[in-house]
Each structure stands twice: as C-alpha cells, then as structure tokens.
Amino acid sequence: MEAAVFAVFAATALGSAIAVVAHRNPVYSTMSLVLTLLSTAVLFVLLGSPFLAALQVLLYTGAILVLFLFVIMLLNVGRERRLPGPVPAQTWVAGIGAVVLFGATARLLLEAQGGRTTAPLSEEFVATRSLAELLFSTYLLPFEVIALLLLVAVVAATWVARRPSADEEKTP
Amino acid sequence: MSPELVAALAKTGLWVFALLQVAPVMLWLERRAPAFMQDRLGPNRVGPLGLLQGIADAVKFIFKEDVIPAGADKALYLLAPALALVPALTTFLVLPFGPTVEIAGHRTALVVVDSDAGILLFLALASLGVYSLVLAGWSSNNKWSLIGSIRATAQMISYELALTTAVVCALVPAASMNLSAVVDYQRAHVWQFLTQPIGFFVFLVASFAETNRLPFDLPEAESELVAGYHTEYGSMRFAMFFMGEYMSMTTLSALGVTLYFGGWSLPFVDFSQFSGLVQALLGFGVIMAKVAFCLFFFIWVRWTFPRFRYDQLMRLGWKVLLPLALLQFVVTAALTVGGVL
Amino acid sequence: MSVPVSWYLILAVALFSVGVFGALTRRSGIAIFLSIELMLNAGNLALVAYSRQLGDHAGQMVVFFALAVAAAEAAVGLALFIAIFRARRTIDVNRINLMRW
C-alpha cells in the first residue's frame with residue numbers, strides 16, 4: 001500500500017518537474033511546480049512528517065508560488081521564444097551534465113547507505129510535540145534569526161520593487 | 001476492507017453528504033431570508049414556499065449554453081472552477097464530530113484524519129483556494145476579470161494571516177494542534193469565544209474576507225467589476241464557483257464552531273450515555289446546527305452592511321486585524337502561562 | 001512492504017538533476033528561478049528522508065528553516081525581477097548582460 005502511494009506520487013513529482021523545465025509558458029511551469037510540491041508534501045507524510053507537509057503546502061504552494069504567479073501576471077511575461085537554428089551546445093552540455101550529476105550522486109548516496117535498515121515509524125517520531133520541543137530549546141537561536149531574516153527580506157523586497165520617485169526617473 | 005478503511009469512508013461520506021446539501025439549501029435561503037428582511041416575499045412560485053428553487057436553478061445551469069471566450073487559455077480556464085472546489089472538499093477531514101467511540105466493536109475517533117498537525121493541514125488546504133481566483137482571472141482574457149482576480153487574491157492572502165494568527169491563539173490554552181484536544185479543553189472549561197473575544201472577532205471578520213462575502217465582496221460585486229474574476233464563466237462552471245464558495249463558508253464556519261463554540265459538544269449534556277453510533281450522529285447534528293446558524297449569520301451580514309472599498313479593505317486586514325490578533329496572542333499566552341486559562 | 005529510504009534519495013537526486021538542467025537551459029529569468037525552487041525542494045526531500053532513517057529530528061528542523069529561507073529568497077528575487085523589468089523591459093537573461101565582459 002505504501003509502495004503504491006509512493007510510486008504514484010513519485011511519478012507525479014518527477015513528471016511535473018520535467019514539465020516545469022520543458023514548458024515555454026511561465027504560468028504552466030508554475031502550475032507544474034505546484035503539482036511537484038504537492039506530491040513532495042505527500043512524500044513528506046509518508047516519511048513521517050505531516051507537520052512539514054502541511055507547512056510545505058501552506059508556505060510554498062500557498063504563498064510563494066502565488067507570489068510567482070502575481071509577478072508573472074504583473075510583468076505580463078510571455079511565452080519563451082525558441083531560438084531559431086539548431087539546438088545550442090549549452091543545452092547538450094547541460095543535459096549530459098545533469099545526467100552525469102544524477103548518476104554520480106545516486107551512486108554515491110547508495111554506496112553510503114550500505115545496507116542500512118530503517119526502523120518502523122513510532123508514534124513519538126510523528127508527533128509534532130517532539131519537533132516543537134526541539135525548536136524552542138536546541139534551535140531557539142536559529143528560530144529568532146529566521147524571524148529577523150524574514151523582516152529584512154520584507155523590507156528589502158518592498159524597497160527594491162518600489163515605483164521609482166520622480167528624480168530617479170530622470171537618470172538613464 | 002479493513003475496519004479502519006470502512007470507518008474512514010463512512011465518516012468522509014457523512015461529511016460529503018452534508019456539504020453537498022449546503023448549496024441548494026443556501027440558494028433558497030439566500031433569496032428568501034433577505035426578502036423577508038427587505039419586507040418582500042422572494043421566490044415562492046416553485047414548490048411550497050419556493051423550496052424547489054434550488055432545483056430550478058440547477059436545471060437552468062445545466063441547460064445553459066457553455067461559452068468559452070475567444071483567446072482564453074483553455075486548460076487554465078477549465079481548471080479554475082475545479083480548483084475552487086478543492087479546499088472545501090478536503091478541509092473537513094480534520095474536523096472532529098464526536099469523542100472516541102466504539103461502533104460495532106471497533107474503537108474509532110470521530111474524525112477522518114486524527115492528526116497532531118490537524119489545524120495546519122486545514123489551513124494548508126484552505127490556502128490552495130487562491131489558485132482558482134488567480135487562474136480564473138488570468139485565463140479569461142478580460143481586463144475586468146484580471147483586476148478582480150488580483151484584488152481577490154491580494155484580499156485572500158492578506159486576511160489569511162489574520163485568520164491564522166487568530167486560530168493559533170485559540171490553540172494555545174489547549175496546547176495542541178489537534179482539534180479534538182481543543183474541543184476537549186472547551187468541554188472541561190468554557191467555550192473559547194468567551195475567553196478570547198478579540199481573537200473571535202478577528203476570526204469572524206477574516207472568515208468573511210476569506211470567502212469573499214459582503215462586506216468584503218469587492219472582487220465579485222456586480223456594481224464594481226461586472227462580476228470580477230468569474231465574469232467570463234457561465235452555466236455549470238459558474239455554478240462550481242458558487243458551490244465552492246458556499247462549501248468553503250461551511251467548512252470555515254465548522255472550524256470557527258470547533259475553535260470557539262465547543263464543536264460537537266453541548267454545555268451540560270453528557271454524550272457518553274448513548275451508544276457509539278448515536279453519539280456520532282448526535283455530535284454531527286450539533287455541529288451542523290451550529291454551522292447552520294453561522295451560515296444564516298453570513299446571509300444576515302450580507303444584506304445589512306455596505307461594501308468595503310479596496311483600500312479600506314487592505315488597510316483593515318493589515319493595520320487593524322493583524323495587530324489585534326497579535327495582541328490576543330500575547331494576552332492568551334500570558335494568561336496560559338500564568339495558569340488562568 | 002515499507003519503501004526503502006534509498007528510493008526517496010534517488011527521487012530527490014532525480015528532481016535535483018532536472019532542476020539543474022532547467023537552471024542551465026532556460027532563458028526566462030522566472031523559469032530559472034522555478035528550477036532553483038525545484039532544486040531546493042529536492043534538497044528538502046533528501047533531508048526528510050535522512051531524518052526518517054536516522055530517527056533524528058534535526059533533518060526536519062533544517063527543512064523548516066530552509067522553507068523560511070526559500071520564502072525570503074523568493075520575495076527578494078521576485079522584487080529584483082520587477083526592478084530589472086522596469087529598467088530593461090525584459091527578463092531574458094541573455095539580454096541582461098551589462099556586467100558581462
């Protein structure tokens with residue numbers, strides 16, 4: 001049962017990831033990424049972390065990608081036009097490079113696994129309480145720093161995206 | 001078929017059945033109640049008291065011509081109404097409608113997904129509703145739809161913040177994100193709308209904004225942008241947006257009832273004297289009765305207040321509701337740590 | 001039958017490679033950004049898989065922080081895109097080449 005769910009959602013994740021990269025229309029790419037992230041959220045649940053799954057859907061798909069769609073709509077980003085002529089060398093190099101990367105990293109990780117077995121999921125591992133206790137004790141400093149980081153990001157984004165004032169418009 | 005699977009299917013079926021009844025009933029109530037408020041009669045031709053008006057509307061929707069505007073992005077245009085139903089048809093999974101009971105020899109908690117991160121799952125699935133707004137406006141190839149959709153999306157994500165903060169306040173005394181724990185806390189102490197009035201007020205206002213209901217229905221108001229993001233949608237697709245809105249009103253009301261009004265419990269009634277099945281149906285009935293009052297309240301407010309202008313709306317969400325919710329959080333946290341709550 | 005953790009790791013590496021291909025090949029800035037988000041997501045998946053295998057919550061904590069950092073980075077990056085578009089009326093990365101040699 002778990003294998004079936006994994007197979008379905010892993011295939012969806014991989015398929016929509018390829019769609020993200022392949023589609024020329026940015027809105028379709030973004031919606032494909034939504035599908036990838038939703039499938040990954042289901043895989044998080046299978047791995048015993050419903051808290052992270054909910055956070056991924058809430059933050060990533062529910063906020064960040066909506067921001068992406070907003071910017072695409074605001075800038076009216078059109079379809080990416082294919083360059084005339086033969087496929088550039090960069091695409092071939094990137095393709096071979098990605099395949100080599102996949103092969104090498106997969107082999108490395110599988111060798112590092114070395115036949116380790118995984119204990120079955122315990123009720124205590126899945127509970128949010130254990131995560132919460134960690135967050136507010138061992139990881140309290142990163143938690144506070146992240147809050148500061150988000151504040152800085154909000155201020156920076158507001159400033160960078162502002163409408164230029166009158167005297168700024170005059171400079172070329 | 002393992003007993004857990006049967007139980008899950010039965011609980012889901014109960015919720016889906018109730019949700020599907022909401023749209024026709026609301027269609028009728030939405031026309032009769034304001035009629036009486038405005039000293040007129042409303043639809044009373046179709047069936048006794050006009051009760052079959054919902055069926056007449058459904059037949060009309062099915063027989064209307066289905067037009068797709070020229071230049072519309074077909075795939076997204078067809079996807080948007082379907083996405084409108086997703087949040088409503090998935091968020092009920094974490095709402096409890098009874099204690100842990102024993103039915104036909106099996107112990108089961110009366111909630112479809114008994115998760116420790118229940119409320120987060122609810123909020124996550126509800127946040128997916130934004131996509132139908134964005135895609136509907138963008139794919140319609142229509143200026144008014146686009147403006148309406150951008151306004152609706154900005155409104156929805158702004159009020160999501162205030163809503164989430166108010167919900168977090170309601171969870172603090174129960175010290176758990178599992179909604180059954182919140183209901184148990186309210187059964188042991190007092191209903192939370194009394195201990196957290198500011199949070200309840202923020203939740204109330206934010207839930208009106210989340211479902212695009214008056215006084216926050218600028219994105220879909222007739223006098224503003226034709227019909228906002230669903231201008232170019234007709235017949236069944238419009239009906240799907242409609243149904244999605246009513247169903248998300250229902251699930252959001254059910255969440256509010258669970259967090260602030262004791263959920264499936266009644267103050268001085270002890271349910272454990274009944275058998276398991278009776279407890280389930282009784283609890284579900286209590287929740288639905290409270291939700292029915294909330295839905296009537298939605299309609300009541302709709303026909304009482306004028307609409308907010310867009311800048312007033314955004315100012316209210318960011319500068320009034322969010323600080324109020326944060327204030328409630330500080331007060332609740334202080335009271336909980338101090339042992340009062 | 002429980003799914004072995006190595007399958008999740010291979011999926012994560014596959015997603016990462018797809019993201020790398022996208023980031024190196026696309027011309028639209030938004031598409032490159034989406035590929036980067038894909039790579040981040042693949043990393044998160046690998047972290048949660050390891051956290052499950054080792055029974056240690058530290059991996060999930062890192063994913064929590066990575067999600068927050070991704071949100072901050074997306075906000076600033078998209079603001080930059082808006083600013084660039086205002087100045088150059090394009091987000092084709094081949095044309096935004098003032099600082100190339």
# chains A, B, ... in the order shown; residues from 1 in each chain; ligands from 1
>>> residues_around(residues="segment 94-96 of chain A", least_positions_apart="4", cutoff="12 Å", atoms="only C-alpha atoms", output="mmCIF file with C-alpha atoms, in the first residue's frame")
data_model
loop_
_atom_site.group_PDB
_atom_site.id
_atom_site.type_symbol
_atom_site.label_atom_id
_atom_site.label_comp_id
_atom_site.auth_asym_id
_atom_site.auth_seq_id
_atom_site.Cartn_x
_atom_site.Cartn_y
_atom_site.Cartn_z
ATOM 1 C CA VAL A 21 11.579 22.689 -17.157
ATOM 2 C CA VAL A 87 19.862 23.349 -30.507
ATOM 3 C CA PRO A 88 22.708 25.293 -28.889
ATOM 4 C CA ALA A 89 25.691 23.486 -27.462
ATOM 5 C CA GLN A 90 24.786 24.765 -23.998
ATOM 6 C CA VAL A 100 26.239 12.643 -15.052
ATOM 7 C CA LEU A 101 25.316 14.518 -11.876
ATOM 8 C CA PHE A 102 22.363 12.205 -11.324
ATOM 9 C CA GLY A 103 24.393 9.073 -11.908
ATOM 10 C CA SER C 17 19.176 16.976 -11.743
ATOM 11 C CA VAL C 18 16.019 18.103 -13.539
ATOM 12 C CA GLY C 19 16.321 21.407 -11.694
ATOM 13 C CA VAL C 20 19.970 21.771 -12.694
ATOM 14 C CA PHE C 21 19.082 21.146 -16.330
ATOM 15 C CA GLY C 22 16.356 23.758 -16.150
ATOM 16 C CA ALA C 23 18.516 26.371 -14.473
ATOM 17 C CA LEU C 24 21.246 25.961 -17.114
ATOM 18 C CA THR C 25 18.997 25.849 -20.177
ATOM 19 C CA ARG C 26 16.150 28.316 -19.819
#
>>> interface_residues(of="chain A", to="chain C", cutoff="6 Å", atoms="only C-alpha atoms", output="list in words")
Ala3, Val21, Thr91, Ala94, Ala98, Phe102, Ala106, Thr118, Leu150, Ala153, Ala157, Val160 and Ala161 of chain A
>>> atom_distance(atom1="atom CA of Leu93 of chain B", atom2="atom CA of Ser16 of chain A")
26.4 Å
>>> closest_atom_pairs(of="chain B", to="chain A", cutoff="8 Å", atoms="only C-alpha atoms", output="tab-separated table")
residue	atom	partner	partner_atom	distance
B:Asp116	CA	A:Ala127	CA	6.0
B:Ala117	CA	A:Phe51	CA	5.6
B:Leu120	CA	A:Ala54	CA	5.7
B:Leu121	CA	A:Ala54	CA	5.1
B:Leu123	CA	A:Leu58	CA	6.9
B:Ala124	CA	A:Leu58	CA	4.2
B:Leu125	CA	A:Val57	CA	7.4
B:Ser127	CA	A:Gly62	CA	5.2
B:Leu128	CA	A:Gly62	CA	5.7
B:Val130	CA	A:Gly62	CA	7.4
B:Tyr131	CA	A:Val66	CA	7.4
B:Val134	CA	A:Leu69	CA	7.7
B:Trp138	CA	A:Met73	CA	7.4
B:Ile150	CA	A:Phe70	CA	7.7
B:Ile157	CA	A:Ala63	CA	7.6
>>> residues_around(residues="Asp66 of chain B", least_positions_apart="6", cutoff="10 Å", atoms="only C-alpha atoms", output="PyMOL selection string")
chain B and resi 233-237
>>> residues_around(residues="Gly317 of chain B", least_positions_apart="4", cutoff="7 Å", atoms="only C-alpha atoms", output="mmCIF file with C-alpha atoms, in the first residue's frame")
data_model
loop_
_atom_site.group_PDB
_atom_site.id
_atom_site.type_symbol
_atom_site.label_atom_id
_atom_site.label_comp_id
_atom_site.auth_asym_id
_atom_site.auth_seq_id
_atom_site.Cartn_x
_atom_site.Cartn_y
_atom_site.Cartn_z
ATOM 1 C CA SER B 158 -3.838 39.267 3.436
ATOM 2 C CA TYR B 159 -6.693 38.003 5.573
ATOM 3 C CA LEU B 313 -10.242 46.526 2.925
ATOM 4 C CA LEU B 321 -6.867 42.831 12.285
ATOM 5 C CA LEU B 322 -3.293 41.545 12.312
#
>>> residues_around(residues="Leu14 of chain B", least_positions_apart="6", cutoff="12 Å", atoms="only C-alpha atoms", output="PyMOL selection string")
chain B and resi 7-8+20-21+92-93+97+110-112+280-281+284-285+288
>>> residues_around(residues="Val22 of chain B", least_positions_apart="5", cutoff="10 Å", atoms="only C-alpha atoms", output="PyMOL selection string")
chain B and resi 17+27+243+246-247+249-250+292+295
>>> atom_distance(atom1="atom CA of Val168 of chain B", atom2="atom CA of Tyr139 of chain A")
20.8 Å
>>> decode(residues="segment 108-124 of chain A", atoms="N, CA and C atoms", output="JSON list (two decimals), in the first residue's frame")
[["chain", "number", "residue", "atom", "x", "y", "z"],
["A", 108, "LEU", "N", 26.84, 7.54, -5.28],
["A", 108, "LEU", "CA", 27.48, 7.91, -4.02],
["A", 108, "LEU", "C", 26.55, 7.66, -2.84],
["A", 109, "LEU", "N", 25.29, 8.13, -2.98],
["A", 109, "LEU", "CA", 24.35, 8.00, -1.86],
["A", 109, "LEU", "C", 24.02, 6.53, -1.60],
["A", 110, "LEU", "N", 23.88, 5.74, -2.67],
["A", 110, "LEU", "CA", 23.53, 4.34, -2.45],
["A", 110, "LEU", "C", 24.68, 3.59, -1.78],
["A", 111, "GLU", "N", 25.91, 3.94, -2.16],
["A", 111, "GLU", "CA", 27.04, 3.29, -1.51],
["A", 111, "GLU", "C", 27.10, 3.68, -0.04],
["A", 112, "ALA", "N", 26.78, 4.95, 0.26],
["A", 112, "ALA", "CA", 26.83, 5.40, 1.65],
["A", 112, "ALA", "C", 25.75, 4.72, 2.47],
["A", 113, "GLN", "N", 24.63, 4.32, 1.79],
["A", 113, "GLN", "CA", 23.58, 3.63, 2.52],
["A", 113, "GLN", "C", 24.10, 2.31, 3.07],
["A", 114, "GLY", "N", 24.83, 1.56, 2.22],
["A", 114, "GLY", "CA", 25.49, 0.33, 2.63],
["A", 114, "GLY", "C", 24.60, -0.65, 3.37],
["A", 115, "GLY", "N", 23.38, -0.83, 2.90],
["A", 115, "GLY", "CA", 22.54, -1.86, 3.50],
["A", 115, "GLY", "C", 21.99, -1.50, 4.87],
["A", 116, "ARG", "N", 21.88, -0.22, 5.18],
["A", 116, "ARG", "CA", 21.27, 0.18, 6.46],
["A", 116, "ARG", "C", 19.79, -0.08, 6.41],
["A", 117, "THR", "N", 19.23, -0.46, 7.52],
["A", 117, "THR", "CA", 17.77, -0.66, 7.58],
["A", 117, "THR", "C", 17.14, 0.47, 8.39],
["A", 118, "THR", "N", 15.87, 0.70, 8.11],
["A", 118, "THR", "CA", 15.17, 1.78, 8.79],
["A", 118, "THR", "C", 14.19, 1.22, 9.80],
["A", 119, "ALA", "N", 14.17, 1.77, 10.99],
["A", 119, "ALA", "CA", 13.21, 1.33, 12.00],
["A", 119, "ALA", "C", 11.81, 1.77, 11.58],
["A", 120, "PRO", "N", 10.80, 1.01, 11.96],
["A", 120, "PRO", "CA", 9.43, 1.46, 11.63],
["A", 120, "PRO", "C", 9.08, 2.74, 12.37],
["A", 121, "LEU", "N", 8.14, 3.49, 11.80],
["A", 121, "LEU", "CA", 7.75, 4.77, 12.37],
["A", 121, "LEU", "C", 7.12, 4.59, 13.73],
["A", 122, "SER", "N", 7.56, 5.38, 14.71],
["A", 122, "SER", "CA", 6.93, 5.32, 16.01],
["A", 122, "SER", "C", 6.01, 6.52, 16.17],
["A", 123, "GLU", "N", 5.02, 6.38, 17.03],
["A", 123, "GLU", "CA", 4.05, 7.46, 17.28],
["A", 123, "GLU", "C", 4.77, 8.72, 17.72],
["A", 124, "GLU", "N", 5.86, 8.52, 18.47],
["A", 124, "GLU", "CA", 6.55, 9.66, 19.06],
["A", 124, "GLU", "C", 7.32, 10.45, 18.01]]
